[in-house]
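Next comes work_38.cif, with mmCIF, C-alpha atoms and all ligand atoms.
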```
data_data
loop_
_atom_site.label_atom_id
_atom_site.label_comp_id
_atom_site.auth_asym_id
_atom_site.auth_seq_id
_atom_site.Cartn_x
_atom_site.Cartn_y
_atom_site.Cartn_z
CA MET A 263 30.64 -4.45 -3.76
CA SER A 264 28.05 -3.98 -6.48
CA LYS A 265 25.82 -1.00 -6.09
CA HIS A 266 22.06 -1.17 -5.82
CA ARG A 267 20.21 0.95 -8.35
CA ILE A 268 17.33 2.72 -6.62
CA ALA A 269 14.79 5.04 -8.24
CA TRP A 270 14.21 8.22 -6.21
CA LEU A 271 10.57 9.34 -6.53
CA PRO A 272 9.59 12.09 -4.07
CA GLY A 273 6.23 12.69 -5.80
CA ASP A 274 4.48 15.77 -4.41
CA GLY A 275 3.05 17.25 -1.19
CA VAL A 276 5.02 16.08 1.84
CA GLY A 277 6.69 13.43 -0.35
CA ASN A 278 9.73 15.65 -0.67
CA ASP A 279 9.87 16.38 3.09
CA VAL A 280 9.94 12.72 4.03
CA MET A 281 12.38 11.79 1.25
CA GLU A 282 14.80 14.43 2.60
CA ALA A 283 14.53 12.66 5.94
CA GLY A 284 15.19 9.38 4.13
CA LYS A 285 18.36 10.86 2.64
CA ILE A 286 19.72 11.51 6.14
CA ILE A 287 19.28 7.84 6.99
CA LEU A 288 20.71 6.51 3.73
CA ASN A 289 23.75 8.77 4.05
CA LYS A 290 24.31 7.57 7.58
CA ILE A 291 24.19 3.87 6.73
CA LYS A 292 26.33 4.43 3.63
CA LEU A 293 24.30 2.03 1.54
CA ALA A 294 26.21 1.15 -1.63
CA ALA A 295 23.63 2.54 -3.99
CA GLU A 296 23.03 4.83 -6.88
CA TYR A 297 19.84 6.91 -6.79
CA ILE A 298 18.08 7.79 -10.05
CA PRO A 299 15.53 10.62 -9.80
CA GLY A 300 12.17 10.18 -11.53
CA ASP A 301 9.32 12.53 -12.42
CA VAL A 302 5.98 11.61 -10.89
CA GLY A 303 3.25 13.63 -9.20
CA TRP A 304 0.65 16.33 -9.42
CA GLU A 305 2.93 18.83 -11.19
CA PHE A 306 3.30 16.45 -14.15
CA TRP A 307 -0.44 15.91 -14.32
CA CYS A 308 -1.07 19.68 -14.52
CA LYS A 309 1.74 20.40 -17.00
CA GLU A 310 1.79 17.26 -19.14
CA GLY A 311 -1.58 15.59 -18.58
CA ASP A 312 0.16 12.56 -17.06
CA PRO A 313 1.24 12.27 -13.41
CA LEU A 314 3.35 9.24 -14.36
CA PRO A 315 5.16 10.14 -17.59
CA GLU A 316 6.34 7.36 -19.90
CA ARG A 317 10.00 8.35 -19.33
CA THR A 318 9.59 7.50 -15.64
CA ILE A 319 8.16 4.08 -16.44
CA GLU A 320 11.10 3.40 -18.78
CA MET A 321 13.59 4.46 -16.11
CA LEU A 322 11.92 2.19 -13.55
CA LYS A 323 12.55 -0.78 -15.84
CA THR A 324 16.29 -0.26 -15.30
CA VAL A 325 16.47 -0.17 -11.48
CA ASP A 326 16.38 -2.76 -8.69
CA CYS A 327 13.68 -1.01 -6.70
CA ALA A 328 12.18 2.40 -6.00
CA LEU A 329 11.63 4.65 -3.04
CA PHE A 330 8.49 6.73 -3.29
CA GLY A 331 7.38 9.72 -1.19
CA ALA A 332 3.72 10.59 -1.62
CA ILE A 333 1.31 11.62 -4.27
CA THR A 334 -1.88 13.64 -4.51
CA SER A 335 -4.84 11.79 -5.94
CA LYS A 336 -8.15 13.46 -6.83
CA PRO A 337 -11.43 12.40 -8.45
CA LYS A 338 -11.30 12.86 -12.22
CA GLU A 339 -13.51 15.99 -12.48
CA GLU A 340 -11.49 17.86 -9.84
CA ALA A 341 -8.22 16.77 -11.40
CA ALA A 342 -9.29 17.92 -14.89
CA LYS A 343 -9.88 21.47 -13.60
CA GLU A 344 -6.22 21.78 -12.60
CA LEU A 345 -4.75 21.03 -16.03
CA ILE A 346 -2.97 24.00 -17.70
CA PRO A 347 -5.31 25.82 -20.15
CA GLU A 348 -3.62 24.25 -23.23
CA LEU A 349 -4.54 20.77 -21.97
CA GLN A 350 -8.13 21.52 -20.91
CA ASN A 351 -10.93 19.56 -22.61
CA LYS A 352 -8.52 17.39 -24.60
CA GLY A 353 -9.71 14.14 -23.07
CA TYR A 354 -7.01 13.71 -20.41
CA ILE A 355 -8.28 11.47 -17.60
CA TYR A 356 -6.55 11.35 -14.23
CA SER A 357 -5.78 7.98 -12.75
CA SER A 358 -3.74 7.32 -9.63
CA PRO A 359 -0.07 6.81 -10.53
CA ILE A 360 0.54 4.51 -7.59
CA VAL A 361 -2.29 2.20 -8.58
CA ARG A 362 -0.93 2.25 -12.16
CA LEU A 363 2.62 1.47 -11.03
CA ARG A 364 1.36 -1.53 -9.06
CA GLN A 365 -0.42 -2.81 -12.17
CA ILE A 366 2.26 -2.01 -14.78
CA PHE A 367 5.01 -3.72 -12.78
CA ASP A 368 2.76 -6.48 -11.45
CA LEU A 369 3.62 -5.57 -7.86
CA TYR A 370 1.10 -8.04 -6.54
CA ILE A 371 2.04 -7.96 -2.87
CA ASN A 372 1.29 -4.90 -0.79
CA GLN A 373 3.03 -5.65 2.45
CA ARG A 374 2.09 -3.36 5.35
CA PRO A 375 3.69 -4.10 8.71
CA CYS A 376 2.02 -2.56 11.76
CA LYS A 377 4.18 -3.04 14.82
CA ALA A 378 3.76 -1.14 18.08
CA TYR A 379 7.08 0.28 19.25
CA PRO A 380 7.14 0.53 23.05
CA GLY A 381 7.12 4.05 24.42
CA ASN A 382 5.10 5.46 21.53
CA PRO A 383 2.34 7.48 23.24
CA LEU A 384 0.05 6.87 20.26
CA VAL A 385 -0.11 3.09 20.23
CA TYR A 386 -3.27 1.30 21.21
CA ARG A 387 -1.37 -1.48 22.99
CA GLU A 388 2.32 -2.25 23.06
CA ASP A 389 2.02 -5.93 22.13
CA ILE A 390 0.71 -5.50 18.60
CA ASN A 391 2.74 -7.00 15.77
CA LEU A 392 0.65 -7.34 12.63
CA ILE A 393 1.40 -7.43 8.97
CA VAL A 394 -1.15 -7.01 6.20
CA PHE A 395 -0.73 -8.72 2.82
CA ARG A 396 -3.00 -6.84 0.45
CA GLU A 397 -3.57 -8.11 -3.09
CA ASN A 398 -2.37 -5.18 -5.14
CA THR A 399 -3.26 -5.62 -8.80
CA GLU A 400 -6.92 -6.48 -9.20
CA GLY A 401 -10.26 -6.63 -7.39
CA LEU A 402 -12.27 -3.44 -7.07
CA TYR A 403 -9.20 -1.28 -7.77
CA SER A 404 -8.47 -2.72 -11.20
CA GLY A 405 -10.22 0.26 -12.78
CA ILE A 406 -12.68 -1.76 -14.87
CA GLU A 407 -15.62 0.57 -14.43
CA TYR A 408 -18.48 2.06 -16.43
CA HIS A 409 -20.77 5.04 -16.19
CA PRO A 410 -23.00 4.94 -18.13
CA VAL A 411 -23.04 1.18 -18.54
CA PRO A 412 -22.53 0.36 -22.24
CA ASP A 413 -25.33 -1.41 -24.04
CA GLU A 414 -23.51 -4.71 -24.68
CA ILE A 415 -22.70 -5.07 -21.03
CA TYR A 416 -26.11 -4.01 -19.81
CA GLN A 417 -27.87 -6.42 -22.18
CA ALA A 418 -25.54 -9.29 -21.33
CA LEU A 419 -26.17 -8.77 -17.62
CA ILE A 420 -29.94 -8.62 -18.07
CA LYS A 421 -29.80 -11.78 -20.15
CA THR A 422 -27.57 -13.79 -17.86
CA HIS A 423 -28.41 -12.72 -14.34
CA PRO A 424 -31.85 -13.00 -12.72
CA LYS A 425 -30.94 -10.41 -10.07
CA MET A 426 -30.62 -7.78 -12.82
CA LYS A 427 -34.43 -7.60 -12.77
CA LYS A 428 -34.11 -4.84 -10.23
CA PHE A 429 -32.35 -2.63 -12.80
CA ILE A 430 -34.45 -3.44 -15.84
CA ASN A 431 -36.23 -0.11 -15.98
CA VAL A 432 -33.25 2.03 -14.99
CA ASN A 433 -31.75 4.21 -17.68
CA GLN A 434 -28.16 3.15 -18.44
CA ASN A 435 -27.01 6.72 -17.81
CA ASP A 436 -28.21 6.30 -14.27
CA LEU A 437 -26.22 3.13 -13.67
CA ALA A 438 -22.57 2.87 -12.65
CA LEU A 439 -20.66 -0.39 -12.55
CA SER A 440 -17.30 -1.14 -10.89
CA CYS A 441 -16.08 -4.69 -11.44
CA ARG A 442 -14.60 -6.78 -8.67
CA ILE A 443 -12.64 -9.33 -10.69
CA PHE A 444 -10.42 -11.88 -8.95
CA SER A 445 -8.24 -14.38 -10.76
CA ARG A 446 -7.31 -17.70 -9.18
CA ASP A 447 -3.62 -17.00 -9.79
CA ALA A 448 -3.71 -13.65 -8.03
CA CYS A 449 -5.56 -15.12 -5.05
CA LYS A 450 -3.10 -17.97 -4.87
CA ARG A 451 0.06 -15.87 -5.05
CA ILE A 452 -1.00 -13.35 -2.40
CA VAL A 453 -1.99 -16.12 0.01
CA LYS A 454 1.27 -17.96 -0.72
CA ALA A 455 3.25 -14.81 0.01
CA ALA A 456 1.45 -14.45 3.35
CA PHE A 457 2.12 -18.07 4.38
CA LYS A 458 5.75 -17.90 3.25
CA TYR A 459 6.21 -14.79 5.38
CA ALA A 460 4.50 -16.39 8.39
CA ASP A 461 6.71 -19.45 8.00
CA GLU A 462 9.95 -17.46 7.71
CA HIS A 463 9.08 -15.24 10.66
CA ASN A 464 7.71 -17.97 12.92
CA PHE A 465 4.15 -16.75 13.07
CA SER A 466 1.62 -19.42 13.98
CA SER A 467 -1.43 -18.12 12.11
CA VAL A 468 -2.53 -16.50 8.89
CA THR A 469 -5.92 -14.79 8.86
CA VAL A 470 -7.73 -14.55 5.55
CA ILE A 471 -10.16 -11.64 5.58
CA GLU A 472 -13.01 -11.69 3.05
CA LYS A 473 -16.81 -11.77 2.99
CA PRO A 474 -17.69 -15.09 1.32
CA ASN A 475 -21.10 -15.31 2.98
CA VAL A 476 -22.27 -12.40 0.79
CA ILE A 477 -19.70 -11.88 -1.99
CA ARG A 478 -19.74 -15.56 -2.73
CA GLU A 479 -17.80 -15.80 -5.95
CA THR A 480 -14.81 -13.48 -5.52
CA SER A 481 -14.37 -13.80 -1.77
CA GLY A 482 -15.17 -17.50 -2.14
CA LEU A 483 -12.34 -17.96 -4.64
CA MET A 484 -9.85 -16.27 -2.31
CA LEU A 485 -10.95 -18.46 0.56
CA ARG A 486 -10.78 -21.70 -1.41
CA GLU A 487 -7.26 -20.86 -2.59
CA ALA A 488 -6.26 -20.00 0.97
CA ARG A 489 -7.45 -23.41 2.18
CA LYS A 490 -5.37 -25.11 -0.51
CA VAL A 491 -2.22 -23.15 0.28
CA ALA A 492 -2.73 -23.72 4.02
CA LYS A 493 -2.40 -27.48 3.45
CA GLU A 494 1.25 -26.93 2.52
CA TYR A 495 1.82 -25.41 5.97
CA PRO A 496 0.17 -27.78 8.45
CA TYR A 497 1.96 -26.11 11.39
CA ILE A 498 0.41 -22.69 10.58
CA GLN A 499 -3.26 -22.16 11.37
CA LEU A 500 -5.56 -20.61 8.81
CA TRP A 501 -8.16 -18.36 10.41
CA GLU A 502 -11.06 -17.24 8.24
CA VAL A 503 -12.75 -14.01 9.31
CA ASN A 504 -15.33 -11.82 7.60
CA VAL A 505 -14.08 -8.31 6.95
CA ASP A 506 -16.75 -6.57 9.05
CA ALA A 507 -16.10 -8.80 12.04
CA MET A 508 -12.37 -8.36 11.56
CA ALA A 509 -12.69 -4.59 11.96
CA MET A 510 -14.23 -5.30 15.34
CA TRP A 511 -11.77 -8.01 16.40
CA LEU A 512 -8.84 -5.79 15.51
CA ILE A 513 -10.09 -3.23 18.00
CA LYS A 514 -10.97 -5.83 20.59
CA ASN A 515 -7.96 -8.17 20.48
CA PRO A 516 -5.35 -6.93 18.00
CA GLN A 517 -2.54 -8.73 19.86
CA LYS A 518 -3.99 -12.11 18.85
CA TYR A 519 -3.38 -11.62 15.15
CA SER A 520 -0.18 -11.68 13.13
CA VAL A 521 -0.27 -12.18 9.37
CA LEU A 522 -3.42 -10.92 7.63
CA VAL A 523 -4.18 -11.53 3.98
CA THR A 524 -6.94 -10.02 1.88
CA SER A 525 -7.97 -8.52 -1.44
CA ASN A 526 -7.21 -5.03 -2.70
CA MET A 527 -9.99 -2.85 -1.27
CA PHE A 528 -10.37 -4.72 2.02
CA GLY A 529 -6.59 -4.51 2.41
CA ASP A 530 -6.67 -0.77 1.81
CA ILE A 531 -9.24 -0.33 4.57
CA ILE A 532 -7.92 -2.87 7.07
CA SER A 533 -4.35 -1.60 6.73
CA ASP A 534 -5.42 1.93 7.69
CA LEU A 535 -7.19 0.50 10.72
CA CYS A 536 -4.06 -1.46 11.69
CA ALA A 537 -1.90 1.63 11.13
CA GLN A 538 -3.96 3.56 13.67
CA LEU A 539 -3.53 0.78 16.24
CA VAL A 540 0.23 1.34 16.17
CA GLY A 541 0.30 5.12 16.17
CA GLY A 542 -1.29 6.27 12.93
CA LEU A 543 -0.07 6.90 9.43
CA GLY A 544 3.16 8.45 10.72
CA PHE A 545 4.30 4.92 11.54
CA ALA A 546 2.83 2.98 8.61
CA SER A 547 5.28 1.72 6.01
CA SER A 548 4.60 -0.33 2.93
CA GLY A 549 6.22 -2.31 0.18
CA ASN A 550 4.68 -2.99 -3.22
CA ILE A 551 6.49 -6.13 -4.23
CA GLY A 552 6.53 -8.22 -7.40
CA ASP A 553 8.81 -10.97 -8.65
CA ASN A 554 11.38 -8.63 -10.23
CA PHE A 555 10.80 -5.17 -8.86
CA ALA A 556 9.53 -3.45 -5.75
CA LEU A 557 8.52 0.02 -4.68
CA PHE A 558 8.58 1.18 -1.06
CA GLU A 559 6.46 4.03 0.25
CA PRO A 560 4.96 5.35 3.45
CA THR A 561 1.23 4.53 3.53
CA HIS A 562 0.30 8.15 4.24
CA GLY A 563 -0.83 10.51 1.51
CA SER A 564 0.65 13.78 0.31
CA ALA A 565 -0.95 16.08 2.96
CA PRO A 566 -0.55 19.15 0.68
CA LYS A 567 -1.29 21.58 3.52
CA TYR A 568 1.93 20.50 5.26
CA ALA A 569 4.10 20.36 2.13
CA GLY A 570 7.51 21.96 2.58
CA GLN A 571 6.95 22.63 6.29
CA PHE A 572 9.06 19.67 7.45
CA LYS A 573 6.49 18.97 10.07
CA VAL A 574 5.25 15.46 9.33
CA ASN A 575 6.59 12.34 11.00
CA PRO A 576 9.22 10.67 8.78
CA THR A 577 9.07 7.36 10.68
CA ALA A 578 6.75 5.78 8.09
CA MET A 579 9.26 6.68 5.37
CA ILE A 580 12.20 5.44 7.43
CA LEU A 581 10.41 2.17 8.18
CA SER A 582 9.81 1.86 4.42
CA ILE A 583 13.56 2.21 3.93
CA LYS A 584 13.98 -0.61 6.45
CA MET A 585 11.65 -2.75 4.31
CA MET A 586 13.68 -1.83 1.23
CA LEU A 587 16.89 -2.93 2.96
CA ASP A 588 15.29 -6.29 3.75
CA TYR A 589 14.24 -6.61 0.11
CA LEU A 590 17.80 -5.82 -1.04
CA ASN A 591 19.06 -8.49 1.33
CA GLU A 592 20.83 -5.92 3.49
CA LYS A 593 19.47 -7.62 6.60
CA GLU A 594 22.09 -6.34 9.00
CA LEU A 595 21.49 -2.73 8.00
CA ALA A 596 17.73 -3.30 8.15
CA ASN A 597 17.95 -4.61 11.70
CA LYS A 598 20.25 -1.82 12.84
CA LEU A 599 17.89 0.75 11.38
CA GLU A 600 14.86 -0.76 13.05
CA GLY A 601 16.76 -0.82 16.35
CA ALA A 602 17.55 2.88 15.98
CA ILE A 603 13.90 3.69 15.23
CA ALA A 604 12.71 1.69 18.24
CA GLU A 605 15.27 3.35 20.51
CA THR A 606 14.35 6.86 19.35
CA ILE A 607 10.68 6.18 20.00
CA GLN A 608 11.38 4.59 23.37
CA GLU A 609 13.55 7.52 24.43
CA SER A 610 10.78 9.90 23.35
CA LYS A 611 12.98 13.04 23.42
CA ILE A 612 12.32 13.92 19.82
CA ARG A 613 8.65 13.89 18.91
CA THR A 614 6.90 15.23 15.82
CA TYR A 615 3.55 17.02 16.11
CA ASP A 616 1.48 13.84 15.77
CA MET A 617 3.28 12.50 18.88
CA GLY A 618 2.48 15.66 20.81
CA GLY A 619 5.89 17.28 20.28
CA ASN A 620 7.24 19.99 18.04
CA SER A 621 10.33 18.39 16.53
CA SER A 622 10.68 18.67 12.78
CA THR A 623 10.80 15.92 10.15
CA ILE A 624 14.55 16.46 9.89
CA GLU A 625 15.16 16.43 13.66
CA MET A 626 13.37 13.10 13.93
CA ALA A 627 15.44 11.65 11.08
CA GLU A 628 18.66 12.98 12.62
CA ALA A 629 17.75 11.49 16.00
CA ILE A 630 17.24 8.10 14.38
CA ALA A 631 20.42 8.42 12.30
CA SER A 632 22.44 9.26 15.41
CA LYS A 633 21.43 5.94 16.96
CA ILE A 634 22.64 3.82 14.07
CA SER A 635 25.99 2.41 15.10
C1 LIG B 701 -2.98 3.36 -0.31
C2 LIG B 701 -3.74 4.55 -0.84
C3 LIG B 701 -3.95 4.35 -2.33
C4 LIG B 701 -4.78 3.09 -2.50
C5 LIG B 701 -4.60 5.55 -3.04
C6 LIG B 701 -3.81 6.80 -2.87
C7 LIG B 701 -4.84 5.29 -4.49
O1 LIG B 701 -4.92 4.71 -0.15
O2 LIG B 701 -1.88 3.09 -0.80
O3 LIG B 701 -3.47 2.72 0.62
O4 LIG B 701 -5.98 3.15 -2.40
O5 LIG B 701 -4.20 2.05 -2.71
MG MG B 702 -5.05 3.49 1.59
#
```
Please express what this file holds, its structure, as structure tokens.
Ligand code: IPM
Ligand code: MG
Amino acid sequence: MSKHRIAWLPGDGVGNDVMEAGKIILNKIKLAAEYIPGDVGWEFWCKEGDPLPERTIEMLKTVDCALFGAITSKPKEEAAKELIPELQNKGYIYSSPIVRLRQIFDLYINQRPCKAYPGNPLVYREDINLIVFRENTEGLYSGIEYHPVPDEIYQALIKTHPKMKKFINVNQNDLALSCRIFSRDACKRIVKAAFKYADEHNFSSVTVIEKPNVIRETSGLMLREARKVAKEYPYIQLWEVNVDAMAMWLIKNPQKYSVLVTSNMFGDIISDLCAQLVGGLGFASSGNIGDNFALFEPTHGSAPKYAGQFKVNPTAMILSIKMMLDYLNEKELANKLEGAIAETIQESKIRTYDMGGNSSTIEMAEAIASKIS
């Protein structure tokens, strides 16, 4: 059997803790794979001025997919202070490696399943089975931002947009601009991915979450593309909900929804809300998926204060491994693993601190591994 080539990227903070837990699972299922370690994380920012060194990007071009732990992300001024003295004031600017990876490899789908596993004391209701499709390469997170706003842009805006009147007497140094740019292609492909998923998994609705009544052009484009794609799936309903209302509906009736699709920032926010409905970030997995490459990671951050304590819940990481197995077409292993996770939660003997217990990251992983037949 040919081996899968998987990049192994623990990152920093608790990334290493949860990847160790992942190792226990991968050893147990004996996946035919080769794991290639890669440098990424805070340490490389401080020492090299780049948290995602070029050598890592080159390595990632040679693998089938990657498994990623967690990474610390800080605003640029705070990050700059932590550079080693030799690199201070040399113009290094921190930008989030995970956002860069999504853009470099065109990982346009951010798939975030949020399923309530029965017996989990933290779930909001036991009948929730949602999945968020978040556009992952553009929108407000594309990094096209200015402060101060350069003259050409300021003048062009004043000249072309009547609503710029409000800013006519504001000094450009006192203006910041973050662009929310959507392309038709990106809107189309994320909505297509959501419908394809709904179709393959027998879901009867797809909910597009935007705010076209106010953000008419970008949200409007997403919505129009969604309506076009929906025509190809007459047996799946398209529900259109404004993002603010959706936050409320997800608290009120989360069990009514299944596949959700939205743009980058709304997806970031809504997926955290959905994660909490099914037990919090300890249970939230994600896949960043493109046409030729994918990277799987727990949705949680690096929680530096817990790093190395083997305290955090590895379920999000293990569910991300389940997503990776699906991506690699190892469906049988994926299903067995999910069964073992569900059984461990149902049994509730081993519980990490977030679940009100005091089992360690490793004990939780071992409990799950022991249930894989
Ligand atoms: C996520 C995270 C990232 C994001 C951060 C760490 C850049 O919040 O994956 O949801 O905003 O996409
Ligand atoms: Mg987030």
Nearby residues, ligand MG 702 (chain B), 8 Å, all atoms listed in the file, as JSON, numbers by chain: {"A": [530, 531, 533, 534, 561, 562]}
10 Å shell around ligand LIG 701 (chain B) using all atoms listed in the file, listed as an MDAnalysis selection string: chainID A and resid 332:336 357:362 364 372 374 396 398:399 403 526:527 529:534 547:550 559:564
Neighbour list for A:Ile420 as a PyMOL selection string, cut-off 8 Å, all atoms listed in the file, skip fewer than 6 positions in-chain: chain A and resi 426-427+430
Atoms kept (C-alpha atoms) for selection, written as a PDB file, keeping the file's coordinate frame:
```
ATOM      1  CA  MET A 426     -30.620  -7.780 -12.820  1.00  0.00           C
ATOM      2  CA  LYS A 427     -34.430  -7.600 -12.770  1.00  0.00           C
ATOM      3  CA  ILE A 430     -34.450  -3.440 -15.840  1.00  0.00           C
TER       4      ILE A 430
END
```
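Between atom CA of A:Ala546 and atom CA of A:Leu599 there is a distance of 15.5 Å.
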Residues within 8 Å of A:Ile443, only C-alpha atoms, excluding chain neighbours under 3 positions, as an NGL selection string: :A and (400-402 or 404 or 480)
Nearest-residue call for A:Ala341, choices A:Leu512, A:Cys308, A:Leu522, A:Leu329, using only C-alpha atoms: A:Cys308
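Interatomic distance, atom CA of A:Cys441 against atom CA of A:Leu369: 20.0 Å.
When all atoms listed in the file are used to compute distances to A:Ala596, the closest of the residues A:Ile319, A:Ile634, A:Val411, A:Ala294 turns out to be A:Ile634.
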Residue list as a list in words for point (-8.8, -22.5, -4.8), cut-off 12 Å, only C-alpha atoms: Phe444, Ser445, Arg446, Asp447, Ala448, Cys449, Lys450, Arg451, Val453, Lys454, Glu479, Thr480, Ser481, Gly482, Leu483, Met484, Leu485, Arg486, Glu487, Ala488, Arg489, Lys490, Val491, Ala492 and Lys493 of chain A
Spatial neighbours of A:Ile498, 8 Å, only C-alpha atoms, chain gap at least 6 places, as a PyMOL selection string: chain A and resi 457+460-461+465-468+492
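By chain and then residue number, the residues within 9 Å of A:Glu628 are Ala283, Ile286, Ile287, Thr623, Ile624, Ser632 and Lys633 of chain A, counting only C-alpha atoms and disregarding those fewer than 4 positions away in sequence.
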Long-range neighbours of A:Gly601 as number ranges by chain, 12 Å cut-off, only C-alpha atoms, 4 positions minimum in chain: A: 379-380, 580-581, 584, 594-597, 605-608, 630-635
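Each of A:Phe395, A:Pro315, A:Trp501, A:Tyr354 was compared to A:Ala455 using all atoms listed in the file, and A:Phe395 turns out to be the nearest.
Taking atom CA of A:Glu397 as the reference point, atom CA of A:Leu590 is found at 21.6 Å.
Nearest-residue note for A:His463: choosing from A:Ser610, A:Gln373, A:Ser520, A:Asn620, the minimum distance belongs to A:Ser520, counting only C-alpha atoms.
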Neighbours of point (9.6, 0.7, -3.4) within 10 Å, using all atoms listed in the file, written as a PyMOL selection string: chain A and resi 268-271+326-331+369+548-551+555-560+582-583+585-586+589
Could you write stretch 531-542 of chain A as a PDB file, keeping the file's coordinate frame, with N, CA and C atoms rebuilt where they are missing?
```
ATOM      1  N   ILE A 531      -8.495  -0.774   3.383  1.00  0.00           N
ATOM      2  CA  ILE A 531      -9.240  -0.330   4.570  1.00  0.00           C
ATOM      3  C   ILE A 531      -8.640  -0.908   5.855  1.00  0.00           C
ATOM      4  N   ILE A 532      -8.435  -2.210   5.860  1.00  0.00           N
ATOM      5  CA  ILE A 532      -7.920  -2.870   7.070  1.00  0.00           C
ATOM      6  C   ILE A 532      -6.523  -2.366   7.427  1.00  0.00           C
ATOM      7  N   SER A 533      -5.713  -2.048   6.407  1.00  0.00           N
ATOM      8  CA  SER A 533      -4.350  -1.600   6.730  1.00  0.00           C
ATOM      9  C   SER A 533      -4.354  -0.209   7.349  1.00  0.00           C
ATOM     10  N   ASP A 534      -5.319   0.630   6.999  1.00  0.00           N
ATOM     11  CA  ASP A 534      -5.420   1.930   7.690  1.00  0.00           C
ATOM     12  C   ASP A 534      -5.845   1.717   9.148  1.00  0.00           C
ATOM     13  N   LEU A 535      -6.764   0.785   9.338  1.00  0.00           N
ATOM     14  CA  LEU A 535      -7.190   0.500  10.720  1.00  0.00           C
ATOM     15  C   LEU A 535      -5.992   0.006  11.550  1.00  0.00           C
ATOM     16  N   CYS A 536      -5.226  -0.928  10.967  1.00  0.00           N
ATOM     17  CA  CYS A 536      -4.060  -1.460  11.690  1.00  0.00           C
ATOM     18  C   CYS A 536      -3.030  -0.365  11.941  1.00  0.00           C
ATOM     19  N   ALA A 537      -2.876   0.541  10.972  1.00  0.00           N
ATOM     20  CA  ALA A 537      -1.900   1.630  11.130  1.00  0.00           C
ATOM     21  C   ALA A 537      -2.259   2.457  12.365  1.00  0.00           C
ATOM     22  N   GLN A 538      -3.552   2.731  12.528  1.00  0.00           N
ATOM     23  CA  GLN A 538      -3.960   3.560  13.670  1.00  0.00           C
ATOM     24  C   GLN A 538      -3.697   2.852  15.005  1.00  0.00           C
ATOM     25  N   LEU A 539      -3.782   1.528  15.000  1.00  0.00           N
ATOM     26  CA  LEU A 539      -3.530   0.780  16.240  1.00  0.00           C
ATOM     27  C   LEU A 539      -2.091   0.958  16.722  1.00  0.00           C
ATOM     28  N   VAL A 540      -1.185   1.234  15.777  1.00  0.00           N
ATOM     29  CA  VAL A 540       0.230   1.340  16.170  1.00  0.00           C
ATOM     30  C   VAL A 540       0.754   2.764  16.051  1.00  0.00           C
ATOM     31  N   GLY A 541      -0.166   3.736  16.102  1.00  0.00           N
ATOM     32  CA  GLY A 541       0.300   5.120  16.170  1.00  0.00           C
ATOM     33  C   GLY A 541      -0.106   5.997  15.002  1.00  0.00           C
ATOM     34  N   GLY A 542      -0.806   5.435  14.036  1.00  0.00           N
ATOM     35  CA  GLY A 542      -1.290   6.270  12.930  1.00  0.00           C
ATOM     36  C   GLY A 542      -0.382   6.213  11.728  1.00  0.00           C
TER      37      GLY A 542
END
```
